[in-house]
Every structure is written in structure tokens, then in C-alpha cells.
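Visitor: So here's my_file_13.txt, just compact mmCIF, C-alpha atoms:
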```txt
# COMPACT_ATOMS: atom_id res chain seq x y z
CA MET I 118 -50.76 -112.52 33.20
CA ILE I 119 -50.11 -108.83 33.73
CA LYS I 120 -46.51 -107.75 33.93
CA ARG I 121 -45.60 -104.81 36.09
CA ILE I 122 -42.62 -102.62 35.47
CA THR I 123 -41.33 -99.96 37.84
CA PHE I 124 -39.46 -96.83 36.91
CA ILE I 125 -37.40 -95.12 39.56
CA PHE I 126 -37.21 -91.37 39.87
CA SER I 127 -34.21 -90.45 42.03
CA ALA I 128 -32.99 -87.27 43.65
CA MET I 129 -29.44 -87.02 44.96
CA ILE I 130 -28.77 -84.68 47.87
CA LEU I 131 -25.58 -83.60 49.61
CA LEU I 132 -23.72 -86.33 51.52
CA SER I 133 -24.79 -88.82 48.81
CA THR I 134 -28.15 -89.61 50.46
CA HIS I 135 -30.80 -90.79 47.97
CA VAL I 136 -34.50 -90.04 47.97
CA GLN I 137 -36.54 -92.29 45.66
CA ALA I 138 -40.09 -92.51 44.46
CA SER I 139 -41.61 -94.79 41.85
CA LEU I 140 -44.35 -94.96 39.25
CA THR I 141 -45.63 -98.39 38.24
CA VAL I 142 -47.22 -99.19 34.87
CA ASP I 143 -49.44 -102.27 34.50
CA ARG I 144 -47.81 -103.63 31.33
CA THR I 145 -44.59 -103.65 29.30
CA ARG I 146 -46.22 -103.13 25.90
CA VAL I 147 -49.57 -101.87 24.63
CA ILE I 148 -51.79 -103.65 22.10
CA TYR I 149 -54.34 -101.44 20.35
CA ASP I 150 -56.84 -103.80 18.73
CA MET I 151 -59.29 -102.01 16.45
CA GLU I 152 -61.85 -104.73 17.16
CA LYS I 153 -62.09 -103.25 20.67
CA PRO I 154 -63.03 -99.67 21.71
CA GLY I 155 -59.63 -98.29 22.67
CA VAL I 156 -57.23 -99.45 25.37
CA SER I 157 -56.53 -98.29 28.93
CA VAL I 158 -53.19 -98.23 30.74
CA VAL I 159 -53.01 -97.86 34.53
CA VAL I 160 -50.19 -95.92 36.20
CA GLU I 161 -49.74 -96.05 39.98
CA ASN I 162 -47.72 -93.75 42.22
CA THR I 163 -46.35 -96.12 44.86
CA ASP I 164 -44.59 -93.30 46.70
CA THR I 165 -46.13 -92.63 50.12
CA LYS I 166 -45.21 -88.95 50.32
CA ASP I 167 -44.82 -87.16 47.02
CA PRO I 168 -47.17 -86.53 44.10
CA PHE I 169 -46.03 -86.41 40.48
CA LEU I 170 -47.05 -84.63 37.33
CA LEU I 171 -47.77 -87.41 34.88
CA GLN I 172 -47.29 -86.62 31.19
CA THR I 173 -48.12 -89.08 28.40
CA TRP I 174 -47.86 -88.97 24.62
CA ILE I 175 -47.51 -91.16 21.54
CA GLU I 176 -44.71 -91.24 18.99
CA SER I 177 -44.44 -92.71 15.52
CA SER I 178 -41.97 -95.54 14.91
CA GLN I 179 -39.52 -92.81 13.84
CA GLY I 180 -39.77 -91.14 17.24
CA GLU I 181 -41.90 -88.16 16.20
CA LYS I 182 -44.60 -86.93 18.60
CA ILE I 183 -48.09 -87.35 17.14
CA THR I 184 -51.68 -86.58 18.10
CA GLU I 185 -53.28 -88.70 15.37
CA PRO I 186 -54.25 -91.32 14.34
CA LEU I 187 -53.78 -92.32 18.01
CA VAL I 188 -53.80 -90.13 21.10
CA ALA I 189 -53.19 -90.76 24.82
CA LEU I 190 -55.47 -88.82 27.20
CA PRO I 191 -55.19 -86.99 29.47
CA LEU I 192 -51.94 -85.49 28.25
CA LEU I 193 -51.02 -84.14 31.69
CA GLN I 194 -52.39 -84.87 35.16
CA ARG I 195 -51.39 -84.92 38.81
CA ILE I 196 -51.04 -88.29 40.52
CA GLU I 197 -51.11 -88.30 44.31
CA PRO I 198 -49.16 -90.66 46.62
CA GLY I 199 -50.67 -94.14 46.49
CA GLN I 200 -53.05 -93.14 43.71
CA LYS I 201 -53.77 -94.94 40.43
CA LYS I 202 -54.55 -93.10 37.22
CA GLN I 203 -55.96 -94.44 33.98
CA ILE I 204 -54.56 -93.36 30.62
CA ARG I 205 -56.90 -93.91 27.70
CA ILE I 206 -55.52 -94.48 24.19
CA ASN I 207 -58.04 -93.81 21.45
CA SER I 208 -58.05 -93.56 17.69
CA VAL I 209 -58.99 -90.18 16.27
CA ASN I 210 -58.41 -89.52 12.59
CA GLN I 211 -56.60 -91.13 9.68
CA THR I 212 -56.58 -94.74 10.93
CA ALA I 213 -57.93 -95.68 7.50
CA GLN I 214 -54.66 -94.41 6.04
CA LEU I 215 -52.66 -96.94 8.06
CA PRO I 216 -51.93 -100.35 6.50
CA GLN I 217 -54.97 -102.58 6.98
CA ASP I 218 -53.20 -105.87 6.24
CA ARG I 219 -50.60 -105.67 9.04
CA GLU I 220 -49.71 -104.12 12.38
CA THR I 221 -48.23 -100.64 12.71
CA LEU I 222 -45.69 -99.83 15.43
CA PHE I 223 -45.99 -96.72 17.60
CA TYR I 224 -44.51 -95.83 20.99
CA PHE I 225 -46.40 -94.88 24.17
CA ASN I 226 -44.44 -92.57 26.49
CA VAL I 227 -44.78 -91.93 30.22
CA LEU I 228 -42.97 -89.07 31.95
CA GLY I 229 -43.04 -88.54 35.72
CA ILE I 230 -42.12 -85.07 36.94
CA PRO I 231 -41.26 -85.04 40.67
CA PRO I 232 -42.14 -82.09 42.92
CA LYS I 233 -39.51 -79.40 43.32
CA SER I 234 -37.44 -80.11 46.40
CA ARG I 235 -37.29 -77.58 49.19
CA LEU I 236 -33.77 -78.78 50.06
CA GLU I 237 -30.63 -77.17 48.76
CA ASN I 238 -28.07 -78.94 46.59
CA VAL I 239 -30.64 -81.28 45.10
CA VAL I 240 -30.50 -82.61 41.54
CA GLU I 241 -33.91 -83.82 40.40
CA VAL I 242 -33.83 -86.55 37.75
CA VAL I 243 -36.84 -87.07 35.48
CA ILE I 244 -36.94 -90.38 33.61
CA GLN I 245 -38.97 -90.98 30.48
CA SER I 246 -40.28 -94.51 29.94
CA ARG I 247 -41.13 -95.78 26.48
CA PHE I 248 -43.40 -98.71 25.55
CA LYS I 249 -44.01 -100.38 22.22
CA LEU I 250 -47.56 -99.75 21.02
CA PHE I 251 -48.85 -102.13 18.37
CA TYR I 252 -51.85 -100.97 16.33
CA ARG I 253 -53.81 -103.96 14.99
CA PRO I 254 -56.43 -103.27 12.33
CA LYS I 255 -59.55 -105.38 12.02
CA GLY I 256 -59.47 -108.57 10.01
CA LEU I 257 -55.91 -109.77 10.63
CA VAL I 258 -55.46 -113.54 10.59
CA LYS I 259 -55.83 -114.96 14.10
CA TYR I 260 -53.47 -117.43 15.72
CA PRO I 261 -55.29 -119.48 18.41
CA ASP I 262 -52.33 -119.48 20.80
CA TYR I 263 -51.02 -116.06 19.77
CA ASP I 264 -47.87 -117.84 18.62
CA TRP I 265 -47.35 -116.36 15.15
CA GLN I 266 -43.64 -116.14 16.03
CA LYS I 267 -43.44 -119.88 15.25
CA LYS I 268 -44.02 -118.95 11.60
CA LEU I 269 -40.62 -117.24 11.55
CA THR I 270 -38.21 -118.93 9.11
CA LEU I 271 -34.41 -118.97 9.27
CA ALA I 272 -31.78 -119.46 6.57
CA ARG I 273 -28.00 -119.06 6.62
CA GLU I 274 -26.65 -117.03 3.72
CA GLY I 275 -22.92 -116.45 3.78
CA ASN I 276 -22.06 -114.58 6.97
CA SER I 277 -25.68 -113.79 7.82
CA LEU I 278 -28.74 -115.41 9.29
CA VAL I 279 -31.84 -114.32 7.37
CA LEU I 280 -34.98 -114.15 9.52
CA THR I 281 -38.21 -113.94 7.53
CA ASN I 282 -41.51 -112.96 9.10
CA PRO I 283 -44.43 -114.00 6.85
CA THR I 284 -47.10 -112.84 9.32
CA PRO I 285 -48.95 -109.50 9.65
CA TYR I 286 -47.55 -109.10 13.18
CA HIS I 287 -44.24 -107.77 14.52
CA VAL I 288 -41.71 -110.19 16.00
CA VAL I 289 -39.39 -108.84 18.72
CA ILE I 290 -36.18 -110.87 19.11
CA ILE I 291 -34.10 -110.37 22.26
CA ASN I 292 -31.47 -113.10 21.76
CA ILE I 293 -29.98 -115.27 19.00
CA ASN I 294 -27.36 -117.91 19.70
CA ASP I 295 -26.33 -121.49 18.95
CA SER I 296 -27.15 -122.39 22.55
CA MET I 297 -29.42 -121.20 25.38
CA GLN I 298 -26.70 -118.82 26.55
CA LYS I 299 -27.58 -115.13 26.53
CA VAL I 300 -25.51 -113.04 24.11
CA LYS I 301 -23.95 -110.08 25.92
CA ASP I 302 -25.26 -106.68 24.75
CA PHE I 303 -27.56 -108.28 22.19
CA PRO I 304 -29.29 -105.53 20.17
CA GLU I 305 -33.07 -106.02 20.20
CA ILE I 306 -34.34 -106.87 16.72
CA ILE I 307 -37.83 -105.89 15.59
CA ILE I 308 -38.87 -107.80 12.48
CA LYS I 309 -41.65 -105.93 10.74
CA PRO I 310 -44.65 -107.77 9.31
CA LEU I 311 -44.12 -109.42 5.92
CA SER I 312 -40.41 -108.61 5.89
CA ASN I 313 -36.99 -109.99 6.78
CA VAL I 314 -33.79 -108.93 8.51
CA ARG I 315 -30.18 -110.13 8.43
CA TYR I 316 -28.22 -110.94 11.56
CA PRO I 317 -24.40 -111.36 11.40
CA LEU I 318 -23.22 -114.84 12.38
CA THR I 319 -20.13 -115.75 14.34
CA ALA I 320 -17.74 -118.35 12.91
CA GLN I 321 -19.23 -120.96 15.25
CA GLN I 322 -22.82 -120.09 14.39
CA LYS I 323 -22.14 -120.53 10.65
CA THR I 324 -21.78 -124.29 11.13
CA ALA I 325 -23.83 -124.86 14.31
CA SER I 326 -26.43 -127.62 14.14
CA GLU I 327 -28.86 -125.62 16.26
CA MET I 328 -29.95 -122.00 16.52
CA VAL I 329 -31.92 -120.69 19.48
CA LEU I 330 -34.08 -117.56 19.31
CA THR I 331 -35.73 -115.76 22.21
CA TYR I 332 -38.70 -113.51 21.47
CA MET I 333 -41.08 -111.41 23.57
CA ASP I 334 -44.80 -112.16 23.45
CA ASP I 335 -47.77 -109.81 23.93
CA TYR I 336 -47.37 -109.98 27.71
CA GLY I 337 -43.67 -109.11 27.74
CA THR I 338 -42.71 -112.73 28.50
CA PRO I 339 -39.60 -114.22 26.85
CA ASN I 340 -40.18 -117.40 24.85
CA VAL I 341 -37.68 -119.70 23.15
CA LEU I 342 -37.70 -121.15 19.62
CA LYS I 343 -35.18 -123.85 18.70
CA TYR I 344 -34.18 -124.55 15.09
CA GLN I 345 -32.33 -127.57 13.71
CA CYS I 346 -29.82 -126.44 11.07
CA SER I 347 -28.09 -128.30 8.27
CA GLY I 348 -26.09 -126.32 5.74
CA MET I 349 -28.08 -123.21 4.87
CA THR I 350 -31.44 -124.57 6.00
CA CYS I 351 -32.86 -124.27 9.52
CA SER I 352 -36.14 -125.92 10.55
CA LEU I 353 -38.18 -125.22 13.67
CA LYS I 354 -38.06 -128.06 16.16
CA SER I 355 -41.27 -129.39 17.65
CA GLN I 356 -42.31 -127.19 20.56
CA PRO I 357 -43.63 -128.64 23.84
```
Starting from the coordinates I provided, produce the structure as C-alpha cells.
Guide:
Amino acid sequence: MIKRITFIFSAMILLSTHVQASLTVDRTRVIYDMEKPGVSVVVENTDTKDPFLLQTWIESSQGEKITEPLVALPLLQRIEPGQKKQIRINSVNQTAQLPQDRETLFYFNVLGIPPKSRLENVVEVVIQSRFKLFYRPKGLVKYPDYDWQKKLTLAREGNSLVLTNPTPYHVVIININDSMQKVKDFPEIIIKPLSNVRYPLTAQQKTASEMVLTYMDDYGTPNVLKYQCSGMTCSLKSQP
């Protein structure tokens, strides 16, 4: 199932009237699988009047712009009203220097530059949109249902919940609680492959009999994992 996400580019004119246009991207994250020849991302200008300059680039996990080992092409192009454009992400050099036993995280960036307004007193706002880009080398262990997140283990240690990811894939957590309730302002947690993180527990969570995790899958869909806890040990409950 393809998720669509829309980014709004707004211009505010005198008398507080708003003019809006939008660019739509056909996914919320990008998976670059080295067993396939590159990956394409489609961007659509759903505005009926104005074109945009569409700029794309890739960043490392530290936020540095890069042109290798992955590159997004074309770097800059014009997208007309109602038009769709394809961005191609390819590997160039140095992919052999990336870890071959696990994923590597990059970021794919989309920038829409609106046309200069002919009206006076206009403030043009350009919004940059950023997508997780997961590079998957050949030969990684396959999970039939793409549910490696179920391999995640939990343990309570003092004031912390230790989340251990034994898989070669990233796990993106968007909520942790002792119930299904969403935690306000929860900071997204990215658990790197073959690593662990610590999450601070509330007084109630330290003794709760259940912990509930929500993660995002490859399609940007939230999924829930429930763990039964006793003392320091938490075990994954059977999933439907």
C-alpha cells in the first residue's frame, strides 16, 4: 500500500489572505535494496496554476550533503502544474565501503521553490521535506512478513527500559507506554541494527505489567507490539 504525504508551500499576502500550492510524494520513506537496480520516487505538483523548481539531494545520517555512494537525479528540475516527475536514486561509488551486514541510514530531501510572486507584500515560504532512506546491501537475512521488529527485546534496568535490536535492520519507534495511549511529544527513537537504546521510565512504567510499543514499518504504517512484563523481564505477547 503506497502512502502519500503532502507538503504545503504557503505564501501570505496583505490582509492575511493565503495562497497555497502543494507537492505530493508517493511514499514516506525510501528503501534502497541493492538486489534491485536503484529506486524511483515520484513527486507530483497538484497545484493547478503554478510551477515549482524541484530540488533533491541526499544526506548522511549526520545531516551532511553527499553525492556518493548514493545520488538523487536530477538534482534540479521544473515541475509544471498537474505534472509528475520521477526522481531516480542510484548508487555510484564506495558502496563496498558501507557495512555489508546491516542497513545504513541516509536521508532523501525534497525542496519545492515556488515562483516569485508579482504581488507586493508577499512572503514566500519554502519548505524542505526530509525522508528516511534505508540502504540495504545484498545478502541480509530475510523476514517473510517483513516483521523483524518482533525480534526486538525489552528489559527494565533501574529507571530505564533497554530496547535491543538483534537484527540487521533499523527499528523506528514512535511511542512507548504501559497502555495504548499516545505519549505527548514522544521523541522518535531510531534503534540502529545490532544495537540497543535506553528509554527513561516513569514511576508507573517501572512496575507496569505491560509495555506497548508502536513502530513504523516499510510503508510508513504504525504497528503495535505488546510485551508482558514481570520484574525486569518483558516478553512479547502473541501477535494476531
Visitor: Write out as a list in words each polymer residue whose atoms come within 10 Å of Pro191 in chain I, counting all atoms listed in the file; drop sequence neighbours fewer than 3 positions from it.
Guide: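 What passes the distance filter is Leu171, Gln172, Thr173, Trp174, Val188, Gln194, Lys202, Gln203, Ile204, Arg205 and Ile206 of chain I.
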Visitor: In Å, how far is it from CA of Asp143 in chain I to CA of Val227 in chain I?
Guide: 12.1 Å
Visitor: Between I:Met297, I:Leu311, I:Met333, I:Ile230, which one has atoms that come closest to Asn282 in chain I, using all atoms listed in the file?
Guide: I:Leu311
Visitor: Leaving out Gln211 in chain I and any residue of its chain fewer than 4 positions from it, which residues lie within 12 Å of it when counting all atoms listed in the file, given as an mmCIF file with C-alpha atoms, in the coordinates of the input?
Guide:
```cif
data_model
loop_
_atom_site.group_PDB
_atom_site.id
_atom_site.type_symbol
_atom_site.label_atom_id
_atom_site.label_comp_id
_atom_site.auth_asym_id
_atom_site.auth_seq_id
_atom_site.Cartn_x
_atom_site.Cartn_y
_atom_site.Cartn_z
ATOM 1 C CA ILE I 183 -48.090 -87.350 17.140
ATOM 2 C CA THR I 184 -51.680 -86.580 18.100
ATOM 3 C CA GLU I 185 -53.280 -88.700 15.370
ATOM 4 C CA PRO I 186 -54.250 -91.320 14.340
ATOM 5 C CA LEU I 187 -53.780 -92.320 18.010
ATOM 6 C CA VAL I 188 -53.800 -90.130 21.100
ATOM 7 C CA LEU I 215 -52.660 -96.940 8.060
ATOM 8 C CA PRO I 216 -51.930 -100.350 6.500
ATOM 9 C CA GLN I 217 -54.970 -102.580 6.980
#
```
Visitor: May I have the residues at most 7 Å from (-32.5, -113.8, 7.4) in the file's coordinates, counting only C-alpha atoms, as an MDAnalysis selection string?
Guide: chainID I and resid 271:273 277:281 313:316
Visitor: Identify, on the basis of all atoms listed in the file, every residue whose closest approach to Pro232 in chain I does not exceed 8 Å; exclude the query and any residue fewer than 2 positions from it along the same chain; express the result as a PyMOL selection string.
Guide: chain I and resi 167-170+230+234
Visitor: Figure out the distance between CA of Pro310 in chain I and CA of Ile291 in chain I, please, to one decimal in Å.
Guide: 16.9 Å
Visitor: Counting all atoms listed in the file, which residues come within 12 Å of (-34.5, -103.6, 20.5), with the point read in the file's coordinates, and could you list them as a PyMOL selection string?
Guide: chain I and resi 247-249+288-292+302-308+332-333
Visitor: Excluding range 160-163 of chain I and residues on its chain fewer than 6 positions from it, collect all residues at most 6 Å away from it, counting all atoms listed in the file, and give them as a PyMOL selection string.
Guide: chain I and resi 139-142+198-202
Visitor: Would you work out the distance separating CA of Ala189 in chain I from CA of Leu222 in chain I, expressed in Å to one decimal?
Guide: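 Computing the Euclidean distance for CA of Ala189 in chain I and CA of Leu222 in chain I yields 15.1 Å.
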Visitor: Find the residues around Ser352 in chain I up to 12 Å (only C-alpha atoms counted), leave out those fewer than 6 positions away in its own chain, and share them as a list in words.
Guide: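 Skipping anything fewer than 6 positions along the chain leaves Lys267, Lys268, Leu269, Thr270, Leu271, Ala272, Arg273, Leu280, Ser326, Glu327, Met328, Val329, Leu342, Lys343, Tyr344, Gln345 and Cys346 of chain I.
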Visitor: Nearest to Leu192 in chain I: which of I:Val158, I:Tyr263, I:Arg146, I:Ile175 is it, counting only C-alpha atoms?
Guide: I:Ile175
Visitor: Between I:Gln266, I:Thr324, I:Gln245, I:Asn210, which one has atoms that come closest to Asn340 in chain I, using all atoms listed in the file?
Guide: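 Nearest to Asn340 in chain I: I:Gln266.
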Visitor: Between I:Arg219, I:Leu318, I:Leu190, I:Gly180, which has the minimum distance to Val159 in chain I (counting all atoms listed in the file)?
Guide: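 Using all atoms listed in the file, Val159 in chain I sits closest to I:Leu190.
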Visitor: Write out as lines of an AutoDock Vina configuration file an axis-aligned box for range 344-350 of chain I: all of its atoms listed in the file, 6 Å added on each side, centre and edge lengths in Å with one decimal.
Guide:
```
center_x = -30.1
center_y = -125.8
center_z = 10.0
size_x = 20.1
size_y = 17.1
size_z = 22.2
```
Visitor: Considering only C-alpha atoms, state which residue in the set I:Glu197, I:Asp262, I:Glu176, I:Asp150 is at the smallest distance from Gly229 in chain I.
Guide: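 Using only C-alpha atoms, the shortest distance to Gly229 in chain I belongs to I:Glu197.
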Visitor: When you count all atoms listed in the file, which of these residues is closest to Thr212 in chain I: I:Arg195, I:Tyr252, I:Tyr224, I:Gly337?
Guide: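 Of I:Arg195, I:Tyr252, I:Tyr224, I:Gly337, the one nearest Thr212 in chain I is I:Tyr252, counting all atoms listed in the file.
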